[in-house]
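Colleague: Data: query-v7.pdb, PDB, N, CA and C atoms.
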```
ATOM      1  N   MET A   1      20.173 -11.909  -5.813
ATOM      2  CA  MET A   1      18.800 -11.615  -6.158
ATOM      3  C   MET A   1      18.638 -11.777  -7.665
ATOM      4  N   ASP A   2      17.759 -12.689  -8.059
ATOM      5  CA  ASP A   2      17.457 -12.885  -9.475
ATOM      6  C   ASP A   2      16.525 -11.784  -9.950
ATOM      7  N   THR A   3      16.867 -11.202 -11.096
ATOM      8  CA  THR A   3      15.997 -10.192 -11.681
ATOM      9  C   THR A   3      15.505 -10.682 -13.034
ATOM     10  N   VAL A   4      14.356 -10.149 -13.428
ATOM     11  CA  VAL A   4      13.789 -10.482 -14.725
ATOM     12  C   VAL A   4      13.383  -9.193 -15.418
ATOM     13  N   GLN A   5      13.319  -9.250 -16.724
ATOM     14  CA  GLN A   5      12.838  -8.122 -17.522
ATOM     15  C   GLN A   5      11.324  -8.253 -17.600
ATOM     16  N   ALA A   6      10.610  -7.273 -17.101
ATOM     17  CA  ALA A   6       9.147  -7.297 -17.135
ATOM     18  C   ALA A   6       8.666  -6.180 -18.045
ATOM     19  N   SER A   7       7.683  -6.485 -18.839
ATOM     20  CA  SER A   7       7.091  -5.506 -19.730
ATOM     21  C   SER A   7       5.620  -5.394 -19.360
ATOM     22  N   ILE A   8       5.214  -4.200 -18.942
ATOM     23  CA  ILE A   8       3.822  -3.980 -18.585
ATOM     24  C   ILE A   8       3.265  -2.843 -19.424
ATOM     25  N   THR A   9       1.958  -2.866 -19.617
ATOM     26  CA  THR A   9       1.307  -1.815 -20.387
ATOM     27  C   THR A   9       0.222  -1.183 -19.536
ATOM     28  N   ILE A  10       0.252   0.144 -19.479
ATOM     29  CA  ILE A  10      -0.763   0.909 -18.755
ATOM     30  C   ILE A  10      -1.277   1.982 -19.705
ATOM     31  N   LEU A  11      -2.578   1.934 -19.967
ATOM     32  CA  LEU A  11      -3.237   2.903 -20.846
ATOM     33  C   LEU A  11      -2.518   3.057 -22.190
ATOM     34  N   GLY A  12      -2.159   1.922 -22.765
ATOM     35  CA  GLY A  12      -1.563   1.918 -24.087
ATOM     36  C   GLY A  12      -0.074   2.213 -24.145
ATOM     37  N   ARG A  13       0.531   2.478 -23.018
ATOM     38  CA  ARG A  13       1.964   2.779 -22.988
ATOM     39  C   ARG A  13       2.693   1.621 -22.317
ATOM     40  N   THR A  14       3.731   1.142 -22.978
ATOM     41  CA  THR A  14       4.483   0.000 -22.469
ATOM     42  C   THR A  14       5.699   0.465 -21.686
ATOM     43  N   TYR A  15       5.904  -0.192 -20.555
ATOM     44  CA  TYR A  15       7.054   0.100 -19.697
ATOM     45  C   TYR A  15       7.853  -1.186 -19.530
ATOM     46  N   ARG A  16       9.139  -1.090 -19.776
ATOM     47  CA  ARG A  16      10.031  -2.237 -19.591
ATOM     48  C   ARG A  16      10.836  -1.987 -18.324
ATOM     49  N   LEU A  17      10.735  -2.941 -17.423
ATOM     50  CA  LEU A  17      11.382  -2.792 -16.124
ATOM     51  C   LEU A  17      12.190  -4.022 -15.789
ATOM     52  N   ARG A  18      13.212  -3.841 -15.013
ATOM     53  CA  ARG A  18      13.961  -4.959 -14.464
ATOM     54  C   ARG A  18      13.591  -5.017 -12.989
ATOM     55  N   VAL A  19      13.007  -6.149 -12.586
ATOM     56  CA  VAL A  19      12.532  -6.298 -11.216
ATOM     57  C   VAL A  19      13.008  -7.619 -10.630
ATOM     58  N   ALA A  20      12.996  -7.684  -9.307
ATOM     59  CA  ALA A  20      13.306  -8.946  -8.643
ATOM     60  C   ALA A  20      12.259  -9.976  -9.069
ATOM     61  N   LYS A  21      12.714 -11.177  -9.310
ATOM     62  CA  LYS A  21      11.824 -12.223  -9.812
ATOM     63  C   LYS A  21      10.614 -12.402  -8.895
ATOM     64  N   GLU A  22      10.833 -12.347  -7.590
ATOM     65  CA  GLU A  22       9.732 -12.547  -6.648
ATOM     66  C   GLU A  22       8.744 -11.370  -6.626
ATOM     67  N   ASP A  23       9.110 -10.231  -7.216
ATOM     68  CA  ASP A  23       8.230  -9.059  -7.261
ATOM     69  C   ASP A  23       7.430  -8.949  -8.567
ATOM     70  N   GLU A  24       7.732  -9.793  -9.533
ATOM     71  CA  GLU A  24       7.108  -9.657 -10.848
ATOM     72  C   GLU A  24       5.595  -9.823 -10.791
ATOM     73  N   ALA A  25       5.098 -10.812 -10.068
ATOM     74  CA  ALA A  25       3.649 -11.031  -9.996
ATOM     75  C   ALA A  25       2.958  -9.830  -9.357
ATOM     76  N   ALA A  26       3.530  -9.290  -8.299
ATOM     77  CA  ALA A  26       2.947  -8.123  -7.627
ATOM     78  C   ALA A  26       2.959  -6.914  -8.563
ATOM     79  N   LEU A  27       4.040  -6.753  -9.335
ATOM     80  CA  LEU A  27       4.134  -5.651 -10.285
ATOM     81  C   LEU A  27       3.027  -5.749 -11.340
ATOM     82  N   ARG A  28       2.823  -6.936 -11.874
ATOM     83  CA  ARG A  28       1.787  -7.133 -12.885
ATOM     84  C   ARG A  28       0.395  -6.884 -12.301
ATOM     85  N   LYS A  29       0.174  -7.340 -11.082
ATOM     86  CA  LYS A  29      -1.106  -7.114 -10.413
ATOM     87  C   LYS A  29      -1.337  -5.621 -10.200
ATOM     88  N   ALA A  30      -0.290  -4.910  -9.795
ATOM     89  CA  ALA A  30      -0.396  -3.459  -9.588
ATOM     90  C   ALA A  30      -0.710  -2.752 -10.905
ATOM     91  N   ALA A  31      -0.042  -3.158 -11.974
ATOM     92  CA  ALA A  31      -0.292  -2.547 -13.289
ATOM     93  C   ALA A  31      -1.729  -2.780 -13.733
ATOM     94  N   GLU A  32      -2.248  -3.982 -13.495
ATOM     95  CA  GLU A  32      -3.634  -4.278 -13.853
ATOM     96  C   GLU A  32      -4.598  -3.416 -13.035
ATOM     97  N   ALA A  33      -4.295  -3.232 -11.756
ATOM     98  CA  ALA A  33      -5.148  -2.407 -10.899
ATOM     99  C   ALA A  33      -5.132  -0.950 -11.354
ATOM    100  N   ILE A  34      -3.968  -0.444 -11.711
ATOM    101  CA  ILE A  34      -3.853   0.934 -12.211
ATOM    102  C   ILE A  34      -4.658   1.088 -13.487
ATOM    103  N   GLU A  35      -4.474   0.170 -14.403
ATOM    104  CA  GLU A  35      -5.193   0.198 -15.685
ATOM    105  C   GLU A  35      -6.708   0.184 -15.457
ATOM    106  N   SER A  36      -7.166  -0.712 -14.612
ATOM    107  CA  SER A  36      -8.588  -0.849 -14.343
ATOM    108  C   SER A  36      -9.164   0.417 -13.708
ATOM    109  N   GLN A  37      -8.484   0.930 -12.698
ATOM    110  CA  GLN A  37      -8.987   2.121 -12.021
ATOM    111  C   GLN A  37      -8.956   3.339 -12.941
ATOM    112  N   ALA A  38      -7.927   3.463 -13.750
ATOM    113  CA  ALA A  38      -7.846   4.582 -14.689
ATOM    114  C   ALA A  38      -8.982   4.521 -15.697
ATOM    115  N   LYS A  39      -9.289   3.334 -16.181
ATOM    116  CA  LYS A  39     -10.395   3.188 -17.127
ATOM    117  C   LYS A  39     -11.730   3.529 -16.464
ATOM    118  N   GLN A  40     -11.889   3.153 -15.209
ATOM    119  CA  GLN A  40     -13.115   3.509 -14.491
ATOM    120  C   GLN A  40     -13.249   5.026 -14.391
ATOM    121  N   TYR A  41     -12.168   5.692 -14.026
ATOM    122  CA  TYR A  41     -12.199   7.152 -13.951
ATOM    123  C   TYR A  41     -12.484   7.755 -15.321
ATOM    124  N   GLY A  42     -11.914   7.177 -16.361
ATOM    125  CA  GLY A  42     -12.142   7.664 -17.715
ATOM    126  C   GLY A  42     -13.602   7.577 -18.118
ATOM    127  N   ASN A  43     -14.287   6.534 -17.644
ATOM    128  CA  ASN A  43     -15.716   6.379 -17.942
ATOM    129  C   ASN A  43     -16.582   7.317 -17.111
ATOM    130  N   MET A  44     -16.084   7.724 -15.955
ATOM    131  CA  MET A  44     -16.886   8.540 -15.037
ATOM    132  C   MET A  44     -16.674  10.043 -15.213
ATOM    133  N   TYR A  45     -15.481  10.447 -15.609
ATOM    134  CA  TYR A  45     -15.134  11.866 -15.621
ATOM    135  C   TYR A  45     -14.569  12.290 -16.976
ATOM    136  N   ALA A  46     -14.705  13.584 -17.250
ATOM    137  CA  ALA A  46     -14.058  14.149 -18.439
ATOM    138  C   ALA A  46     -12.574  14.325 -18.122
ATOM    139  N   TYR A  47     -11.743  14.101 -19.105
ATOM    140  CA  TYR A  47     -10.302  14.267 -18.902
ATOM    141  C   TYR A  47      -9.653  14.714 -20.198
ATOM    142  N   ASN A  48      -8.504  15.382 -20.054
ATOM    143  CA  ASN A  48      -7.789  15.873 -21.229
ATOM    144  C   ASN A  48      -6.847  14.828 -21.810
ATOM    145  N   ASP A  49      -6.149  14.123 -20.947
ATOM    146  CA  ASP A  49      -5.264  13.061 -21.411
ATOM    147  C   ASP A  49      -5.102  12.017 -20.314
ATOM    148  N   HIS A  50      -4.390  10.966 -20.635
ATOM    149  CA  HIS A  50      -4.220   9.870 -19.681
ATOM    150  C   HIS A  50      -3.482  10.299 -18.419
ATOM    151  N   GLN A  51      -2.685  11.329 -18.504
ATOM    152  CA  GLN A  51      -1.975  11.804 -17.316
ATOM    153  C   GLN A  51      -2.968  12.230 -16.235
ATOM    154  N   ASP A  52      -4.104  12.827 -16.643
ATOM    155  CA  ASP A  52      -5.135  13.207 -15.679
ATOM    156  C   ASP A  52      -5.672  11.971 -14.950
ATOM    157  N   LEU A  53      -5.919  10.910 -15.700
ATOM    158  CA  LEU A  53      -6.419   9.677 -15.103
ATOM    159  C   LEU A  53      -5.398   9.072 -14.156
ATOM    160  N   LEU A  54      -4.140   9.049 -14.590
ATOM    161  CA  LEU A  54      -3.090   8.484 -13.744
ATOM    162  C   LEU A  54      -2.894   9.294 -12.472
ATOM    163  N   ALA A  55      -3.041  10.603 -12.570
ATOM    164  CA  ALA A  55      -2.938  11.451 -11.376
ATOM    165  C   ALA A  55      -4.073  11.131 -10.405
ATOM    166  N   MET A  56      -5.268  10.906 -10.927
ATOM    167  CA  MET A  56      -6.401  10.557 -10.071
ATOM    168  C   MET A  56      -6.180   9.201  -9.408
ATOM    169  N   VAL A  57      -5.653   8.243 -10.137
ATOM    170  CA  VAL A  57      -5.346   6.929  -9.569
ATOM    171  C   VAL A  57      -4.293   7.072  -8.472
ATOM    172  N   ALA A  58      -3.234   7.819  -8.751
ATOM    173  CA  ALA A  58      -2.169   8.001  -7.762
ATOM    174  C   ALA A  58      -2.710   8.656  -6.497
ATOM    175  N   LEU A  59      -3.517   9.690  -6.658
ATOM    176  CA  LEU A  59      -4.088  10.392  -5.512
ATOM    177  C   LEU A  59      -4.968   9.456  -4.682
ATOM    178  N   THR A  60      -5.805   8.677  -5.341
ATOM    179  CA  THR A  60      -6.677   7.736  -4.645
ATOM    180  C   THR A  60      -5.867   6.685  -3.888
ATOM    181  N   GLN A  61      -4.874   6.112  -4.559
ATOM    182  CA  GLN A  61      -4.088   5.052  -3.935
ATOM    183  C   GLN A  61      -3.252   5.567  -2.760
ATOM    184  N   ILE A  62      -2.646   6.730  -2.900
ATOM    185  CA  ILE A  62      -1.839   7.280  -1.819
ATOM    186  C   ILE A  62      -2.722   7.696  -0.653
ATOM    187  N   THR A  63      -3.929   8.188  -0.930
ATOM    188  CA  THR A  63      -4.872   8.516   0.146
ATOM    189  C   THR A  63      -5.213   7.261   0.940
ATOM    190  N   GLN A  64      -5.501   6.175   0.245
ATOM    191  CA  GLN A  64      -5.815   4.907   0.920
ATOM    192  C   GLN A  64      -4.607   4.405   1.709
ATOM    193  N   LEU A  65      -3.426   4.484   1.125
ATOM    194  CA  LEU A  65      -2.212   4.051   1.809
ATOM    195  C   LEU A  65      -1.976   4.870   3.073
ATOM    196  N   THR A  66      -2.190   6.171   2.993
ATOM    197  CA  THR A  66      -2.008   7.050   4.145
ATOM    198  C   THR A  66      -2.973   6.681   5.263
ATOM    199  N   LYS A  67      -4.225   6.400   4.911
ATOM    200  CA  LYS A  67      -5.216   5.988   5.911
ATOM    201  C   LYS A  67      -4.791   4.683   6.583
ATOM    202  N   ILE A  68      -4.321   3.739   5.799
ATOM    203  CA  ILE A  68      -3.882   2.447   6.343
ATOM    204  C   ILE A  68      -2.686   2.643   7.266
ATOM    205  N   GLN A  69      -1.718   3.450   6.840
ATOM    206  CA  GLN A  69      -0.540   3.706   7.671
ATOM    207  C   GLN A  69      -0.925   4.371   8.985
ATOM    208  N   ASP A  70      -1.837   5.352   8.931
ATOM    209  CA  ASP A  70      -2.291   6.024  10.149
ATOM    210  C   ASP A  70      -2.985   5.038  11.086
ATOM    211  N   SER A  71      -3.802   4.164  10.519
ATOM    212  CA  SER A  71      -4.501   3.166  11.313
ATOM    213  C   SER A  71      -3.515   2.199  11.970
ATOM    214  N   LEU A  72      -2.529   1.750  11.207
ATOM    215  CA  LEU A  72      -1.525   0.839  11.756
ATOM    216  C   LEU A  72      -0.701   1.512  12.846
ATOM    217  N   ARG A  73      -0.370   2.781  12.638
ATOM    218  CA  ARG A  73       0.398   3.524  13.630
ATOM    219  C   ARG A  73      -0.396   3.618  14.934
ATOM    220  N   PHE A  74      -1.707   3.907  14.820
ATOM    221  CA  PHE A  74      -2.568   3.987  15.992
ATOM    222  C   PHE A  74      -2.632   2.631  16.684
ATOM    223  N   LYS A  75      -2.815   1.560  15.901
ATOM    224  CA  LYS A  75      -2.908   0.224  16.478
ATOM    225  C   LYS A  75      -1.601  -0.166  17.153
ATOM    226  N   ASP A  76      -0.468   0.183  16.562
ATOM    227  CA  ASP A  76       0.825  -0.103  17.175
ATOM    228  C   ASP A  76       0.962   0.624  18.505
ATOM    229  N   THR A  77       0.558   1.884  18.548
ATOM    230  CA  THR A  77       0.633   2.664  19.778
ATOM    231  C   THR A  77      -0.293   2.076  20.827
ATOM    232  N   ASP A  78      -1.517   1.744  20.425
ATOM    233  CA  ASP A  78      -2.487   1.150  21.332
ATOM    234  C   ASP A  78      -1.975  -0.184  21.865
ATOM    235  N   LEU A  79      -1.412  -1.004  21.008
ATOM    236  CA  LEU A  79      -0.869  -2.299  21.407
ATOM    237  C   LEU A  79       0.269  -2.119  22.399
ATOM    238  N   ALA A  80       1.163  -1.177  22.124
ATOM    239  CA  ALA A  80       2.282  -0.934  23.035
ATOM    240  C   ALA A  80       1.783  -0.510  24.421
ATOM    241  N   GLN A  81       0.763   0.331  24.452
ATOM    242  CA  GLN A  81       0.209   0.768  25.739
ATOM    243  C   GLN A  81      -0.433  -0.396  26.484
ATOM    244  N   ARG A  82      -1.153  -1.237  25.779
ATOM    245  CA  ARG A  82      -1.790  -2.393  26.421
ATOM    246  C   ARG A  82      -0.743  -3.376  26.939
ATOM    247  N   LEU A  83       0.294  -3.615  26.152
ATOM    248  CA  LEU A  83       1.361  -4.510  26.599
ATOM    249  C   LEU A  83       2.072  -3.949  27.828
ATOM    250  N   GLN A  84       2.258  -2.643  27.862
ATOM    251  CA  GLN A  84       2.876  -2.010  29.022
ATOM    252  C   GLN A  84       1.996  -2.199  30.257
ATOM    253  N   SER A  85       0.689  -2.074  30.109
ATOM    254  CA  SER A  85      -0.244  -2.283  31.224
ATOM    255  C   SER A  85      -0.184  -3.718  31.718
ATOM    256  N   ILE A  86      -0.166  -4.669  30.791
ATOM    257  CA  ILE A  86      -0.067  -6.088  31.158
ATOM    258  C   ILE A  86       1.246  -6.348  31.875
ATOM    259  N   ASP A  87       2.321  -5.775  31.375
ATOM    260  CA  ASP A  87       3.635  -5.942  31.999
ATOM    261  C   ASP A  87       3.623  -5.406  33.435
ATOM    262  N   THR A  88       3.015  -4.267  33.620
ATOM    263  CA  THR A  88       2.928  -3.674  34.956
ATOM    264  C   THR A  88       2.140  -4.585  35.896
ATOM    265  N   ILE A  89       1.022  -5.123  35.426
ATOM    266  CA  ILE A  89       0.213  -6.042  36.237
ATOM    267  C   ILE A  89       1.007  -7.289  36.590
ATOM    268  N   LEU A  90       1.687  -7.865  35.583
ATOM    269  CA  LEU A  90       2.489  -9.078  35.831
ATOM    270  C   LEU A  90       3.633  -8.804  36.798
ATOM    271  N   GLU A  91       4.275  -7.666  36.660
ATOM    272  CA  GLU A  91       5.354  -7.306  37.592
ATOM    273  C   GLU A  91       4.805  -7.222  39.020
ATOM    274  N   GLY A  92       3.613  -6.672  39.163
ATOM    275  CA  GLY A  92       2.988  -6.572  40.492
ATOM    276  C   GLY A  92       2.670  -7.928  41.069
ATOM    277  N   ILE A  93       2.274  -8.865  40.209
ATOM    278  CA  ILE A  93       1.957 -10.215  40.677
ATOM    279  C   ILE A  93       3.229 -10.997  40.997
ATOM    280  N   LEU A  94       4.222 -10.907  40.129
ATOM    281  CA  LEU A  94       5.451 -11.680  40.297
ATOM    282  C   LEU A  94       6.373 -11.096  41.373
ATOM    283  N   HIS A  95       6.354  -9.825  41.539
ATOM    284  CA  HIS A  95       7.233  -9.158  42.504
ATOM    285  C   HIS A  95       6.426  -8.192  43.366
ATOM    286  N   PRO A  96       5.548  -8.721  44.203
ATOM    287  CA  PRO A  96       4.730  -7.820  45.018
ATOM    288  C   PRO A  96       5.608  -7.084  46.033
ATOM    289  N   THR A  97       5.258  -5.846  46.282
ATOM    290  CA  THR A  97       5.986  -5.077  47.305
ATOM    291  C   THR A  97       5.281  -5.266  48.624
ATOM    292  N   MET A  98       6.088  -5.453  49.668
ATOM    293  CA  MET A  98       5.498  -5.687  50.976
ATOM    294  C   MET A  98       5.574  -4.471  51.830
TER
END
```
Render the structure in this file as C-alpha cells.
Modeller:
Amino acid sequence: MDTVQASITILGRTYRLRVAKEDEAALRKAAEAIESQAKQYGNMYAYNDHQDLLAMVALTQITQLTKIQDSLRFKDTDLAQRLQSIDTILEGILHPTM
C-alpha cells in the first residue's frame, strides 16, 4: 500500500497525516466539507471557539451517518425477506409436492 504525506487545514489549524494514496482525494474532500460546514455554523450561531463548531459538525455528520446506516440495515433486512419469499415460490414451482 502506497502512502503519502497529506497536509490539510481546518479552521486555520494544519494537520499532517500519512494516508493511503488512494484515500488522499477523499480526505481532502472531507476536510473541505468540514471547513465549509463549520464556517456555516460560525455564521449562524454564537460560539466560544472553533471546538464548538467542530463538535456541531461532528454531531451533524454522525447523525446523518446513523440515519443512512439504519436505512441500509432496514433495506438489507427487507431485501433478505423478499429473496426468501422468491426462493420459497421458486422451490414450490421447481419441486412441487404431490
Colleague: Mind the document's chain letters and residue numbers, and return as a ChimeraX atom specification the residues of segment 2-68 of chain A that DSSP labels strand (DSSP E or B).
Modeller: /A:3-10,13-20
Colleague: Check the smallest atom-to-atom distance from each of A:Ala58, A:Ser71, A:Thr14, A:Ala80 to Ile34 of chain A using only N, CA and C atoms, then report the winner.
Modeller: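 Of A:Ala58, A:Ser71, A:Thr14, A:Ala80, the one nearest Ile34 of chain A is A:Ala58, counting only N, CA and C atoms.
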Colleague: So how many Å separate atom C of Asn43 of chain A and atom CA of Val57 of chain A, to one decimal?
Modeller: 13.5 Å
Colleague: Any idea what the distance is between atom N of Asp49 of chain A and atom N of Arg13 of chain A?
Modeller: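 Distance reported for this atom pair: 13.6 Å.
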Colleague: Report the residues of chain A whose backbone DSSP state falls under helix (DSSP H, G or I), written as JSON, numbers by chain.
Modeller: {"A": [21, 22, 23, 24, 25, 26, 27, 28, 29, 30, 31, 32, 33, 34, 35, 36, 37, 38, 39, 40, 41, 42, 43, 44, 50, 51, 52, 53, 54, 55, 56, 57, 58, 59, 60, 61, 62, 63, 64, 65, 66, 67, 68, 69, 70, 71, 72, 73, 74, 75, 76, 77, 78, 79, 80, 81, 82, 83, 84, 85, 86, 87, 88, 89, 90, 91, 92, 93, 94]}
Colleague: Using all atoms of segment 80-86 of chain A listed in the file and a margin of 6 Å per side, can you give the axis-aligned box centre and edge lengths in Å to one decimal, as AutoDock Vina command-line options?
Modeller:
```
--center_x 0.5 --center_y -2.8 --center_z 27.0 --size_x 16.7 --size_y 19.1 --size_z 21.8
```
Colleague: Using only N, CA and C atoms, which residues sit within 6 Å of Arg16 of chain A once same-chain residues fewer than 2 positions away are excluded, as a list in words?
Modeller: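 Close residues of Arg16 of chain A: Ala6, Ser7, Ile8, Thr14 and Arg18 of chain A.
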Colleague: List the residues selected by the PyMOL selection byres (((chain A and resi 56 and name CA) around 12) and name CA) in the file shown, writing them as a PyMOL selection string.
Modeller: chain A and resi 34-35+37-42+44-47+49-55+57-63
Colleague: Name the residues that the PyMOL selection byres ((chain A and resi 3) around 8) picks from the file above, as a VMD selection string, using the file's chain letters and numbers.
Modeller: chain A and resid 1 to 2 4 to 6 17 to 22
Colleague: So what do you get for atom N of Glu32 of chain A versus atom CA of Gln69 of chain A, distance-wise?
Modeller: 22.6 Å
Colleague: For Gly12 of chain A, which residue out of A:Leu72, A:Ala31, A:Leu65, A:Leu83 is the nearest one, using only C-alpha atoms?
Modeller: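 Distance minimum relative to Gly12 of chain A lands on A:Ala31.
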